[in-house]
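Here is the structure we will look at, set down as structure tokens.
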Amino acid sequence: MAKINLNINGKTKEVDVDPNTPILWVLRDHLDLVGTKYGCGIAQCGACTVIMDGNAIRSCSTPVSSAEGAKITTIEGLSENGDHPVQKAWMEHDVPQCGYCQAGQVMSAVALLESNPNPSEEDIDNAMNGNICRCGTYLRIKKAIKTAANS
Amino acid sequence: MNNRQHIPFINKAINKDRSTLFKPSRREFLKLGSLATGGLLIGINLKCSGPSKDTETFAPNVYLSIGKDNTVTIVAHRSEMGTGIRTTLPMVLADELGADWKNVKIEQAVGDEEKYGDQNTDGSYSIRMFYDPMRKAGATARHMLLKAASKQWDVKVEECETKDGAVIHSSSGNQATFGELVEEASKLDLPSEGEIKFKPFAEYKLIGKDIPIYDLKAIVMGKATFGADVSLPDMLVAVIGRSPVVGASIKGFDKSKAMEIPGVKEVLQIDGSEGVAPGLDKPLPGVAVLATNTWAAIKGRDALEIDWDLGENQQFDSDGQLTEMLESTRGEGKTRRERGNFAPVNLMQGNSLDKTYLAPFYAHGTIEPPAAIANYADGKLELWAPTQHPQWAREAAATALDLPIENVKVNVTLLGGGFGRKSKPDFVVEAALLSKAMGKPVRVQWTREDDLHHDFYHSHSAQRIQASLDGSGKIYSWNHHTVFPAIGATSNPDELHPSDGEMGLGALDFPYDIPHIRLESHESKAHTRIGWLRSVSNIHHAFAICCMLDEMAEKRGIDPIAQVLELLGDDQTLSFEEEVSGDFGNYGEPYDKFPWETGRMKNVVRKVAEASGWQNAKREGKYIGFAAHKSFLTYVACTVTVEKDSKGNLIIPEVHYAVDCGIAVNTDRVRSQFEGGAQFALSLATSAITFKDGKVQENNFSEYKIIRMPQAPKKTHVHIIESQEKPTGVGEPPVPPFIPALCNALYQMTGKRIYELPIKV
């Protein structure tokens, strides 16, 4: 067990956990931030995606020890009222079906647009390749990303 | 290998007859009550059998209440797993009522058969079964509000109308909100049957439109509650090491290494199901590690040493069984349907085809793996779970803990996908058993590996179709053999043939006008847990039938779409009764109300041909494939176009679907089910679950591949036929025709027919 200082959604948090614990479980079990989801545990599905220092990372496979000193943004930290341009675009296109993977999808899209405000079709495919949607909302996700890019 | 702590599992079977799987039954009545706050409460009750025992208790299933603050609260009694049903049914009621949709609040029902009737969200029947009752509840409330207003204003009821949450009398200009009228309305008697009238369709403002889902904003903000999101004080998390082979039992286990992991509090054995027919409602035998957090529970489970007696399925090899099943189709099977004088049909060389089709096991792979929370205290059990069937979960947990059913409460969260997996209550029972043993709240968390290794799989299958032509080149005979381990075998090892229900999913209901038809099933055993997955046996039946039809059309030198139109014959209502040996099924609906109408199928076939530019596409040399398949009483035709990119990867530029689902209640959600259905079917076409030594070989999404954005069809066009027919479901019908349409397109591109799934691309 070790005390680790984290910066999550602009707030400083201290947790006392096994330093190998994936960030995902620290968020969900220790900090009550359950918007980030578990899907596979091995960075295959992207349901657990959060943004760490500007990059979309798979929190299920990133030990919390590596987050010390880093800035983490989760779905809860994106906006107060759901009015982040990506969230608005998601609503405009009625993207979700079951909704479980969508927090991860949104976070991957936000990271993409922050580094590449006008992504090509191929850029979108590449950036979103790590996020599985079992319901099959990919076409609407793509449309929403384009809408957000233009907003 | 000592210090064993057992949780005895009561191996009492809950008698769920799976032949009733797709058979909802109806009975309804209206009830009236008032809210404690003086509002109006109306219930409409649908029960599976018999009248209510206690007519004094106000126990509605689908109820709405209208408060003095104008809030209209509607209970959603179906589970939301992505189809939009939690939005769409309340929307129907709200529209009929004339409510202001912005003021509608949706409450999720707990699992309660007495109160809510059938809550099994399965078989694409929610909209089919509840469209009218929801309208009836809305029309009843509307009538009472109109009556209250008309009394107040001393005008005729017929002159009043509801609009946006108010009653209006246009000639006098009188207007009152629902909230202002509810007190008066709640004193009135319920209207008689004759007084309840539905609005003309043209007056609906929500039905037939694109309505966003109720939980949209909560989902995009990460605030929607799914199964594992529920947290209780002092809760432990359990991760379970389950039997790697169905039928295995625990000889012993060593928990010492697991107990050394910080956070691990206890290790307990769950006896679970016994033998090779493990049942649909029981947990598998396993050893649970209970910890203060999920990570410790996962690490603890990994550190367990369990000694298994692997039992009689330890040799099971899915490839081996596929070969056996294929061989069995060479012999004579059990005849399930027969038309014409089949015996003398001679399959002459040169004018017949004899083809076999293989399809693998599939796992559901819901993106949210199973999870459930249980809190047992003082003889009462409260559960939270992403369940499609809260009543079965309630019953199974009550049985496992030997509690009276009224002491068990099941709260339904949102489901991160269901596809049939989350009908089964095994994971909920695990949580219940562990909470009782610990005297604390427990969350059972399945990992992805658990999910893929211990699913109730869609059955693998072998099919053989022999078809012949007559002298004039028309199809003369069609002999379809089908074999796959039955769902029923999961509960009863003696069930060696698919049930009538499974045969009715795309095989018995083969609609084509061919003089000689025979359908046979063959014996096979289940060596794992078999369940139902989105569209069930329609998946493999449509694959074989629609691929074979395409090949026959080629042999005949005619266009496959022209052939299907020819084989559907004149616009007519088909009759299967005299040809089918068992129960035709018809998805549980009376045949006279939901018959097989060739005209409706021809209509979707023509629509998809026109919209996809079928003739032009072929002339231009595009690789396009077609298939049409009715399932769950919804008519669907589909075209798929394929290409290869410069790297040799398969690209699907375009998919077209034409669908006749009667009234399309929420058009946006109809389209989304088809857009997603194409992608779900593409995953099925390209992935598989396999068994060796009785164990599933695929561990995670790294091996059981789900398609990703770059592989998804670039465009999916959904053409909804405008219709005033009774609405039918759309959750499952998109899946079956996609796979054969894709295979038929790939044949155009490669010149090779596909007889075995998964497709190797």
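Residues in the structure tokens are named by chain (A, B, ... in the order shown) and by number from 1 within that chain; ligands are numbered from 1 in the order shown.
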Sorted by chain and rising residue number, list the residues of chain A at most 7 Å from chain B (counting only C-alpha atoms), each with its closest atom pair and distance in Å to one decimal, as a Markdown table.
| residue | atom | partner | partner_atom | distance |
| --- | --- | --- | --- | --- |
| A:Thr21 | CA | B:Trp295 | CA | 6.3 |
| A:Trp25 | CA | B:Trp295 | CA | 6.5 |
| A:Asp29 | CA | B:Asn293 | CA | 6.2 |
| A:Val34 | CA | B:Asp229 | CA | 5.9 |
| A:Gly35 | CA | B:Gly222 | CA | 4.2 |
| A:Gly39 | CA | B:Ile367 | CA | 5.8 |
| A:Cys40 | CA | B:Arg448 | CA | 5.0 |
| A:Gln44 | CA | B:Phe701 | CA | 6.2 |
| A:Ile75 | CA | B:Gly222 | CA | 5.8 |
| A:Glu76 | CA | B:Gly222 | CA | 6.2 |
| A:Gly82 | CA | B:Met221 | CA | 5.7 |
| A:Gln87 | CA | B:Val220 | CA | 5.8 |
| A:Met91 | CA | B:Leu216 | CA | 6.6 |
| A:Asp94 | CA | B:Pro212 | CA | 6.1 |
| A:Gln97 | CA | B:Gly82 | CA | 4.1 |
| A:Cys98 | CA | B:Gly82 | CA | 3.5 |
| A:Gly99 | CA | B:Ile219 | CA | 5.8 |
| A:Tyr100 | CA | B:Gly416 | CA | 4.8 |
| A:Cys101 | CA | B:Ile367 | CA | 6.9 |
| A:Gln102 | CA | B:Val220 | CA | 6.6 |
| A:Ala103 | CA | B:Gly222 | CA | 5.8 |
| A:Asp125 | CA | B:Pro710 | CA | 5.2 |
| A:Met128 | CA | B:Met709 | CA | 6.6 |
| A:Asn129 | CA | B:Met709 | CA | 5.8 |
| A:Ile132 | CA | B:Arg708 | CA | 5.8 |
| A:Arg134 | CA | B:Ile367 | CA | 6.0 |
| A:Cys135 | CA | B:Gly676 | CA | 5.3 |
| A:Gly136 | CA | B:Gly676 | CA | 3.9 |
| A:Thr137 | CA | B:Gly676 | CA | 5.9 |
| A:Tyr138 | CA | B:Met709 | CA | 5.6 |
- Task: Would you kindly return, as a PyMOL selection string, each protein, DNA or RNA residue with an atom no farther than 12 Å from any atom of Asn55 (chain A), considering only C-alpha atoms and excluding same-chain residues fewer than 5 positions away?
- Result: chain A and resi 49-50+70-74+107-116+127
Hey, can you spit out that residue selection with C-alpha atoms as an mmCIF file, in the first residue's frame?
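Okay, this is what ended up in out-v8.cif:
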data_model
loop_
_atom_site.group_PDB
_atom_site.id
_atom_site.type_symbol
_atom_site.label_atom_id
_atom_site.label_comp_id
_atom_site.auth_asym_id
_atom_site.auth_seq_id
_atom_site.Cartn_x
_atom_site.Cartn_y
_atom_site.Cartn_z
ATOM 1 C CA THR A 49 -10.702 5.669 -21.418
ATOM 2 C CA VAL A 50 -9.697 8.816 -19.507
ATOM 3 C CA ALA A 70 -0.240 13.917 -13.891
ATOM 4 C CA LYS A 71 -3.531 15.618 -14.709
ATOM 5 C CA ILE A 72 -6.398 13.244 -15.248
ATOM 6 C CA THR A 73 -9.758 14.150 -16.747
ATOM 7 C CA THR A 74 -12.663 11.721 -16.525
ATOM 8 C CA MET A 107 -13.097 10.782 -23.917
ATOM 9 C CA SER A 108 -11.262 9.338 -26.931
ATOM 10 C CA ALA A 109 -13.022 11.842 -29.175
ATOM 11 C CA VAL A 110 -12.165 14.750 -26.870
ATOM 12 C CA ALA A 111 -8.496 13.752 -26.830
ATOM 13 C CA LEU A 112 -8.501 13.436 -30.615
ATOM 14 C CA LEU A 113 -10.035 16.861 -31.176
ATOM 15 C CA GLU A 114 -7.734 18.529 -28.671
ATOM 16 C CA SER A 115 -4.694 17.368 -30.607
ATOM 17 C CA ASN A 116 -6.259 17.448 -34.054
ATOM 18 C CA ALA A 127 -8.153 7.454 -32.958
#
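Among the candidates A:His93, A:His84, A:Lys13, A:Lys37, the one nearest to Gly69 (chain A) when counting only C-alpha atoms is A:Lys13.
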- Note on the structure: Here CA of Ile207 (chain B) and CA of Gly729 (chain B) stand apart by 14.6 Å
Which polymer residues have any atom within 12 Å of an atom of Val26 (chain A), counting only C-alpha atoms, with same-chain residues fewer than 2 positions away left out, as a compact mmCIF listing (two decimals) with N, CA and C atoms, in the first residue's frame?
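Saved the output as selection26.txt:
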# COMPACT_ATOMS: atom_id res chain seq x y z
N ILE A 4 -0.77 7.95 -2.59
CA ILE A 4 -0.50 8.54 -3.90
C ILE A 4 -1.38 9.78 -4.06
N ASN A 5 -0.73 10.87 -4.51
CA ASN A 5 -1.47 12.10 -4.77
C ASN A 5 -1.90 12.14 -6.22
N LEU A 6 -3.15 12.45 -6.42
CA LEU A 6 -3.68 12.47 -7.78
C LEU A 6 -4.34 13.82 -8.05
N ILE A 8 -7.30 14.94 -10.22
CA ILE A 8 -8.40 14.42 -11.05
C ILE A 8 -9.47 15.49 -11.21
N LYS A 13 -6.47 14.71 -4.96
CA LYS A 13 -6.99 13.62 -4.12
C LYS A 13 -5.81 12.78 -3.65
N GLU A 14 -5.93 12.32 -2.41
CA GLU A 14 -4.91 11.38 -1.94
C GLU A 14 -5.56 10.03 -1.71
N VAL A 15 -4.94 8.99 -2.26
CA VAL A 15 -5.47 7.65 -2.01
C VAL A 15 -4.37 6.78 -1.42
N ASP A 16 -4.80 5.79 -0.65
CA ASP A 16 -3.85 4.86 -0.04
C ASP A 16 -4.17 3.47 -0.60
N VAL A 17 -3.45 3.10 -1.63
CA VAL A 17 -3.77 1.86 -2.34
C VAL A 17 -2.50 1.12 -2.77
N ASP A 18 -2.67 -0.11 -3.20
CA ASP A 18 -1.59 -0.84 -3.86
C ASP A 18 -1.20 -0.04 -5.10
N PRO A 19 0.07 0.37 -5.21
CA PRO A 19 0.45 1.23 -6.34
C PRO A 19 0.26 0.59 -7.72
N ASN A 20 0.12 -0.72 -7.75
CA ASN A 20 -0.14 -1.39 -9.03
C ASN A 20 -1.62 -1.37 -9.43
N THR A 21 -2.46 -0.88 -8.55
CA THR A 21 -3.89 -0.84 -8.87
C THR A 21 -4.11 -0.01 -10.13
N PRO A 22 -4.84 -0.53 -11.10
CA PRO A 22 -5.14 0.30 -12.28
C PRO A 22 -5.95 1.55 -11.89
N ILE A 23 -5.70 2.62 -12.60
CA ILE A 23 -6.40 3.89 -12.32
C ILE A 23 -7.92 3.66 -12.29
N LEU A 24 -8.40 2.82 -13.21
CA LEU A 24 -9.84 2.54 -13.30
C LEU A 24 -10.45 2.21 -11.95
N ARG A 28 -13.16 4.16 -9.60
CA ARG A 28 -14.47 3.57 -9.32
C ARG A 28 -14.66 3.19 -7.85
N ASP A 29 -13.65 2.52 -7.28
CA ASP A 29 -13.83 1.97 -5.93
C ASP A 29 -13.44 2.95 -4.82
N HIS A 30 -12.46 3.81 -5.09
CA HIS A 30 -11.94 4.67 -4.02
C HIS A 30 -12.42 6.11 -4.12
N LEU A 31 -12.73 6.57 -5.33
CA LEU A 31 -13.09 7.98 -5.49
C LEU A 31 -14.54 8.18 -5.93
N ASP A 32 -15.27 7.07 -6.05
CA ASP A 32 -16.69 7.13 -6.40
C ASP A 32 -16.94 7.86 -7.73
N LEU A 33 -16.01 7.74 -8.64
CA LEU A 33 -16.20 8.30 -9.98
C LEU A 33 -16.51 7.12 -10.92
N VAL A 34 -17.78 6.77 -11.01
CA VAL A 34 -18.14 5.52 -11.69
C VAL A 34 -18.56 5.73 -13.15
N THR A 36 -16.51 6.21 -15.50
CA THR A 36 -15.51 5.46 -16.27
C THR A 36 -15.78 3.97 -16.07
N LYS A 37 -15.86 3.21 -17.17
CA LYS A 37 -16.36 1.83 -17.07
C LYS A 37 -15.28 0.78 -17.27
N TYR A 38 -15.53 -0.37 -16.67
CA TYR A 38 -14.72 -1.56 -16.91
C TYR A 38 -15.32 -2.33 -18.09
N CYS A 48 -12.83 2.21 -20.55
CA CYS A 48 -12.22 2.84 -19.37
C CYS A 48 -11.41 4.08 -19.73
N SER A 59 -7.50 3.32 -18.68
CA SER A 59 -7.25 3.36 -17.24
C SER A 59 -7.25 1.97 -16.62
N CYS A 60 -7.79 0.95 -17.34
CA CYS A 60 -7.83 -0.41 -16.78
C CYS A 60 -6.45 -1.04 -16.75
N SER A 61 -5.52 -0.47 -17.57
CA SER A 61 -4.20 -1.09 -17.69
C SER A 61 -3.08 -0.13 -17.34
N THR A 62 -3.43 0.97 -16.71
CA THR A 62 -2.41 1.95 -16.32
C THR A 62 -2.36 1.99 -14.79
N PRO A 63 -1.22 1.60 -14.20
CA PRO A 63 -1.17 1.60 -12.74
C PRO A 63 -1.26 3.01 -12.18
N VAL A 64 -1.90 3.11 -11.04
CA VAL A 64 -2.14 4.43 -10.45
C VAL A 64 -0.82 5.12 -10.10
N SER A 65 0.23 4.34 -9.86
CA SER A 65 1.52 4.93 -9.53
C SER A 65 2.03 5.84 -10.65
N ALA A 67 0.32 7.79 -12.36
CA ALA A 67 -0.51 8.99 -12.49
C ALA A 67 -0.09 10.08 -11.51
N ASN B 293 -12.02 -4.16 -2.28
CA ASN B 293 -12.04 -3.45 -3.56
C ASN B 293 -11.87 -4.45 -4.71
N THR B 294 -12.20 -4.00 -5.92
CA THR B 294 -12.25 -4.90 -7.07
C THR B 294 -10.87 -5.45 -7.42
N TRP B 295 -9.86 -4.59 -7.36
CA TRP B 295 -8.52 -5.01 -7.78
C TRP B 295 -8.01 -6.13 -6.87
N ALA B 296 -8.24 -5.97 -5.57
CA ALA B 296 -7.81 -7.01 -4.62
C ALA B 296 -8.56 -8.31 -4.90
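Distance check against Asp100 (chain B) using only C-alpha atoms: of B:Met749, B:Ala374, B:Ile298, B:Ile66, the minimum falls on B:Ile66.
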- Per DSSP on the backbone, what are the helix (DSSP H, G or I) residues of region 9-145 of chain A, as an MDAnalysis selection string? chainID A and resid 23:30 59:61 64:67 75:77 85:92 102:115 121:128 138:145
List every residue of region 174-266 of chain B that has an atom at most 9 Å from any atom of region 120-144 of chain B, giving for each one its closest atom pair and the distance in Å to one decimal, counting only C-alpha atoms, sorted by chain and then by ascending residue number, as a tab-separated table.
residue	atom	partner	partner_atom	distance
B:Val182	CA	B:Met144	CA	8.7
B:Glu184	CA	B:Met144	CA	9.0
B:Ala185	CA	B:Met144	CA	5.5
B:Ser186	CA	B:Met144	CA	7.9
B:Leu188	CA	B:Met144	CA	7.0
B:Asp189	CA	B:Met144	CA	8.3
B:Leu190	CA	B:Met144	CA	7.4
B:Pro191	CA	B:Thr140	CA	6.8
B:Glu195	CA	B:His143	CA	7.9
B:Ile196	CA	B:Thr140	CA	5.9
B:Lys197	CA	B:Ala139	CA	6.3
B:Phe198	CA	B:Ala139	CA	6.1
B:Lys199	CA	B:Ala139	CA	8.0
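Within region 7-109 of chain A, DSSP run on the backbone puts these residues in strand (DSSP E): Asn7, Ile8, Lys11, Thr12, Lys13, Glu14, Val15, Asp16, Val17, Thr49, Val50, Ile51, Met52, Asn55, Ala56, Ile57, Arg58, Lys71, Ile72 and Thr73 of chain A.
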Please dump the current selection as an mmCIF file, in the first residue's frame; keep N, CA, C and O atoms.
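So the final result, stored in out-v5.cif, reads:
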data_model
loop_
_atom_site.group_PDB
_atom_site.id
_atom_site.type_symbol
_atom_site.label_atom_id
_atom_site.label_comp_id
_atom_site.auth_asym_id
_atom_site.auth_seq_id
_atom_site.Cartn_x
_atom_site.Cartn_y
_atom_site.Cartn_z
ATOM 1 N N ASN A 7 -4.269 14.220 -9.322
ATOM 2 C CA ASN A 7 -5.007 15.404 -9.748
ATOM 3 C C ASN A 7 -6.082 14.953 -10.729
ATOM 4 O O ASN A 7 -5.793 14.607 -11.866
ATOM 5 N N ILE A 8 -7.299 14.937 -10.221
ATOM 6 C CA ILE A 8 -8.401 14.422 -11.046
ATOM 7 C C ILE A 8 -9.465 15.491 -11.209
ATOM 8 O O ILE A 8 -9.980 16.024 -10.219
ATOM 9 N N LYS A 11 -9.038 18.569 -9.237
ATOM 10 C CA LYS A 11 -8.988 18.492 -7.767
ATOM 11 C C LYS A 11 -7.887 17.535 -7.324
ATOM 12 O O LYS A 11 -7.653 16.519 -7.975
ATOM 13 N N THR A 12 -7.280 17.865 -6.210
ATOM 14 C CA THR A 12 -6.226 17.001 -5.683
ATOM 15 C C THR A 12 -6.849 15.963 -4.760
ATOM 16 O O THR A 12 -7.687 16.291 -3.920
ATOM 17 N N LYS A 13 -6.466 14.711 -4.958
ATOM 18 C CA LYS A 13 -6.987 13.622 -4.119
ATOM 19 C C LYS A 13 -5.812 12.776 -3.651
ATOM 20 O O LYS A 13 -4.878 12.540 -4.416
ATOM 21 N N GLU A 14 -5.925 12.318 -2.409
ATOM 22 C CA GLU A 14 -4.906 11.382 -1.942
ATOM 23 C C GLU A 14 -5.564 10.027 -1.712
ATOM 24 O O GLU A 14 -6.621 9.946 -1.088
ATOM 25 N N VAL A 15 -4.936 8.993 -2.256
ATOM 26 C CA VAL A 15 -5.469 7.645 -2.013
ATOM 27 C C VAL A 15 -4.365 6.776 -1.424
ATOM 28 O O VAL A 15 -3.180 6.993 -1.690
ATOM 29 N N ASP A 16 -4.801 5.792 -0.648
ATOM 30 C CA ASP A 16 -3.847 4.864 -0.039
ATOM 31 C C ASP A 16 -4.174 3.474 -0.598
ATOM 32 O O ASP A 16 -5.090 2.803 -0.124
ATOM 33 N N VAL A 17 -3.445 3.098 -1.628
ATOM 34 C CA VAL A 17 -3.774 1.857 -2.342
ATOM 35 C C VAL A 17 -2.502 1.118 -2.765
ATOM 36 O O VAL A 17 -1.411 1.683 -2.726
ATOM 37 N N THR A 49 -11.568 4.583 -20.958
ATOM 38 C CA THR A 49 -10.702 5.669 -21.418
ATOM 39 C C THR A 49 -10.867 6.949 -20.584
ATOM 40 O O THR A 49 -11.974 7.409 -20.344
ATOM 41 N N VAL A 50 -9.722 7.493 -20.135
ATOM 42 C CA VAL A 50 -9.697 8.816 -19.507
ATOM 43 C C VAL A 50 -8.570 9.599 -20.194
ATOM 44 O O VAL A 50 -7.804 9.022 -20.987
ATOM 45 N N ILE A 51 -8.499 10.875 -19.902
ATOM 46 C CA ILE A 51 -7.429 11.673 -20.509
ATOM 47 C C ILE A 51 -6.376 11.975 -19.441
ATOM 48 O O ILE A 51 -6.706 12.493 -18.373
ATOM 49 N N MET A 52 -5.135 11.583 -19.730
ATOM 50 C CA MET A 52 -4.038 11.870 -18.798
ATOM 51 C C MET A 52 -3.027 12.746 -19.530
ATOM 52 O O MET A 52 -2.489 12.342 -20.561
ATOM 53 N N ASN A 55 -3.519 12.972 -23.241
ATOM 54 C CA ASN A 55 -3.616 11.747 -24.049
ATOM 55 C C ASN A 55 -4.738 10.840 -23.552
ATOM 56 O O ASN A 55 -4.930 10.685 -22.344
ATOM 57 N N ALA A 56 -5.429 10.220 -24.512
ATOM 58 C CA ALA A 56 -6.433 9.220 -24.135
ATOM 59 C C ALA A 56 -5.689 7.967 -23.681
ATOM 60 O O ALA A 56 -4.862 7.430 -24.421
ATOM 61 N N ILE A 57 -5.948 7.527 -22.465
ATOM 62 C CA ILE A 57 -5.282 6.309 -21.972
ATOM 63 C C ILE A 57 -6.337 5.306 -21.504
ATOM 64 O O ILE A 57 -7.469 5.665 -21.190
ATOM 65 N N ARG A 58 -5.937 4.033 -21.463
ATOM 66 C CA ARG A 58 -6.845 2.991 -20.972
ATOM 67 C C ARG A 58 -6.572 2.821 -19.477
ATOM 68 O O ARG A 58 -5.548 2.248 -19.077
ATOM 69 N N LYS A 71 -2.165 15.095 -14.763
ATOM 70 C CA LYS A 71 -3.531 15.618 -14.709
ATOM 71 C C LYS A 71 -4.456 14.642 -15.420
ATOM 72 O O LYS A 71 -4.268 14.331 -16.596
ATOM 73 N N ILE A 72 -5.452 14.206 -14.680
ATOM 74 C CA ILE A 72 -6.398 13.244 -15.248
ATOM 75 C C ILE A 72 -7.767 13.905 -15.396
ATOM 76 O O ILE A 72 -8.238 14.580 -14.486
ATOM 77 N N THR A 73 -8.369 13.707 -16.562
ATOM 78 C CA THR A 73 -9.758 14.150 -16.747
ATOM 79 C C THR A 73 -10.619 12.924 -17.030
ATOM 80 O O THR A 73 -10.289 12.118 -17.899
#
